[in-house]
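> Dropping in coords38.tsv, with TSV, C-alpha atoms.
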chain	number	residue	atom	x	y	z
F	1044	MET	CA	24.94	3.96	32.20
F	1045	THR	CA	24.10	0.69	30.43
F	1046	THR	CA	22.32	0.27	27.11
F	1047	LEU	CA	21.10	-3.17	26.02
F	1048	SER	CA	19.25	-4.19	22.90
F	1049	ALA	CA	17.75	-7.24	21.25
F	1050	ARG	CA	16.31	-8.13	17.85
F	1051	LEU	CA	13.12	-10.18	18.05
F	1052	THR	CA	11.67	-12.02	15.08
F	1053	PHE	CA	8.01	-13.02	15.09
F	1054	TYR	CA	6.06	-15.21	12.67
F	1055	ILE	CA	2.50	-13.99	12.03
F	1056	PRO	CA	0.65	-16.96	10.50
F	1057	HIS	CA	-2.71	-15.19	10.09
F	1058	SER	CA	-1.27	-12.18	8.23
F	1059	ALA	CA	-2.42	-11.99	4.63
F	1060	SER	CA	-1.04	-8.53	3.83
F	1061	LEU	CA	1.35	-5.84	5.01
F	1062	LYS	CA	-1.67	-4.08	6.50
F	1063	ASP	CA	-2.32	-7.10	8.74
F	1064	LYS	CA	1.34	-7.10	9.74
F	1065	ARG	CA	1.28	-3.37	10.60
F	1066	GLN	CA	-1.77	-3.97	12.79
F	1067	ALA	CA	-0.03	-6.79	14.66
F	1068	CYS	CA	3.08	-4.64	15.06
F	1069	ARG	CA	1.16	-1.61	16.29
F	1070	SER	CA	-0.81	-3.73	18.77
F	1071	LEU	CA	2.33	-5.31	20.22
F	1072	VAL	CA	4.23	-2.02	20.47
F	1073	ASP	CA	1.22	-0.33	22.14
F	1074	LYS	CA	0.92	-3.15	24.69
F	1075	THR	CA	4.63	-2.81	25.51
F	1076	ARG	CA	4.64	0.98	26.04
F	1077	ARG	CA	4.34	0.54	29.80
F	1078	PHE	CA	7.99	-0.60	29.92
F	1079	ASN	CA	9.29	2.75	28.65
F	1080	ALA	CA	11.67	1.09	26.17
F	1081	SER	CA	12.49	1.98	22.58
F	1082	ILE	CA	10.85	-0.42	20.11
F	1083	ALA	CA	10.90	-0.21	16.33
F	1084	GLU	CA	10.51	-2.42	13.29
F	1085	VAL	CA	14.08	-2.99	12.11
F	1086	GLY	CA	13.85	-5.52	9.31
F	1087	THR	CA	11.76	-7.75	7.06
F	1088	GLN	CA	9.55	-4.82	6.02
F	1089	ASP	CA	8.59	-6.53	2.74
F	1090	SER	CA	7.46	-9.82	4.29
F	1091	HIS	CA	3.85	-9.87	5.49
F	1092	THR	CA	4.33	-12.91	7.75
F	1093	THR	CA	7.63	-11.98	9.44
F	1094	LEU	CA	7.99	-9.11	11.91
F	1095	THR	CA	11.43	-8.05	13.17
F	1096	LEU	CA	11.50	-5.65	16.11
F	1097	GLY	CA	14.43	-3.97	17.79
F	1098	VAL	CA	14.11	-3.33	21.53
F	1099	ALA	CA	16.49	-1.09	23.48
F	1100	VAL	CA	16.64	-0.26	27.19
F	1101	VAL	CA	18.82	2.18	29.14
F	1102	SER	CA	19.52	2.01	32.87
F	1103	GLY	CA	22.01	3.22	35.43
F	1104	GLU	CA	22.79	-0.37	36.43
F	1105	SER	CA	23.61	-3.25	34.10
F	1106	ALA	CA	21.66	-5.81	36.17
F	1107	HIS	CA	18.54	-3.63	36.02
F	1108	ALA	CA	18.90	-3.18	32.25
F	1109	ARG	CA	19.28	-6.97	31.78
F	1110	ASN	CA	16.19	-7.64	33.93
F	1111	MET	CA	14.15	-5.04	32.03
F	1112	LEU	CA	15.11	-6.49	28.64
F	1113	GLU	CA	14.33	-10.05	29.73
F	1114	GLU	CA	10.97	-8.97	31.15
F	1115	ILE	CA	10.07	-7.17	27.92
F	1116	ILE	CA	10.98	-10.22	25.83
F	1117	ARG	CA	8.87	-12.50	28.05
F	1118	TYR	CA	5.96	-10.06	27.94
F	1119	MET	CA	6.10	-9.76	24.15
F	1120	GLU	CA	6.25	-13.53	23.73
F	1121	GLU	CA	3.18	-13.98	25.95
F	1122	HIS	CA	1.08	-11.10	24.56
F	1123	ALA	CA	1.94	-11.08	20.86
F	1124	ASP	CA	-0.61	-12.23	18.33
F	1125	ALA	CA	2.35	-13.99	16.69
F	1126	ASP	CA	4.97	-16.64	17.41
F	1127	LEU	CA	8.38	-15.52	18.67
F	1128	VAL	CA	10.85	-17.50	16.55
F	1129	ASP	CA	14.21	-15.83	17.27
F	1130	VAL	CA	15.89	-13.51	19.77
F	1131	GLU	CA	19.28	-11.97	18.97
F	1132	GLU	CA	21.16	-10.11	21.64
F	1133	PRO	CA	24.45	-8.44	20.69
F	1134	VAL	CA	27.47	-9.61	22.64
Any chance you could give the structure as structure tokens?

Amino acid sequence: MTTLSARLTFYIPHSASLKDKRQACRSLVDKTRRFNASIAEVGTQDSHTTLTLGVAVVSGESAHARNMLEEIIRYMEEHADADLVDVEEPV
């Protein structure tokens, strides 16, 4: 069994409040549900323009887990109403 995770940081230029940020977060997480991965806000809760999400995937094969994580990151970058500014993957 292989577990992989990544921390993604997004910049939300149009967000004027934490409510706007929560809406952007909820929208992105809802769009990504089809991947059956764990996604949660893991940092920068007090900043209304920065969203930090943790993404985790589990698979029986490490290559499959890596492909799933990369596909999720690409999907989020393309479909987010925000700019992906950083991706951290633990070594």
> Please identify all polymer residues within 9 Å of Asp1126 of chain F, counting only C-alpha atoms, omitting same-chain residues fewer than 5 positions from it, and present them as a list in words.
Thr1052, Phe1053, Tyr1054, Ile1055, Pro1056 and Glu1120 of chain F
> Using all atoms listed in the file, which of the listed residues (F:Lys1062, F:Glu1084, F:Phe1078, F:Leu1096) sits closest to Asn1110 of chain F?
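Closest to Asn1110 of chain F of all the choices is F:Phe1078.
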> Taking only C-alpha atoms into account, which of F:Asp1129, F:His1122, F:Val1101, F:Met1044 comes nearest Lys1074 of chain F?
F:His1122
> Identify, on the basis of only C-alpha atoms, every residue whose closest approach to Asp1089 of chain F does not exceed 12 Å; exclude the query and any residue fewer than 2 positions from it along the same chain; express the result as a ChimeraX atom specification.
/F:1060-1062,1064-1065,1084-1087,1091-1095
> Let me make sure I understand: among F:Leu1047, F:Ala1106, F:Ala1080, F:Met1119, which one has the smallest atom-to-atom distance to Cys1068 of chain F if we use only C-alpha atoms?
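Using only C-alpha atoms, Cys1068 of chain F sits closest to F:Met1119.
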> Fewer than 6 positions away in the same chain doesn't count, so skip those; otherwise give me all residues within 8 Å of Glu1132 of chain F, counting only C-alpha atoms, as a ChimeraX atom specification.
/F:1048-1050
> Which of these, F:Ala1108, F:Leu1071, F:Ala1083, F:Leu1051, has the shortest distance to Val1130 of chain F once you count all atoms listed in the file?
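Smallest distance to Val1130 of chain F is found for F:Leu1051.
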> Can you tell me how far atom CA of Ser1090 of chain F sits from atom CA of Ala1067 of chain F, in Å to one decimal?
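Between atom CA of Ser1090 of chain F and atom CA of Ala1067 of chain F the gap works out to 13.1 Å.
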> Quick one: pull the distance between atom CA of Ala1059 of chain F and atom CA of Arg1077 of chain F, Å, one decimal.
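For atom CA of Ala1059 of chain F relative to atom CA of Arg1077 of chain F, the distance reads 28.9 Å.
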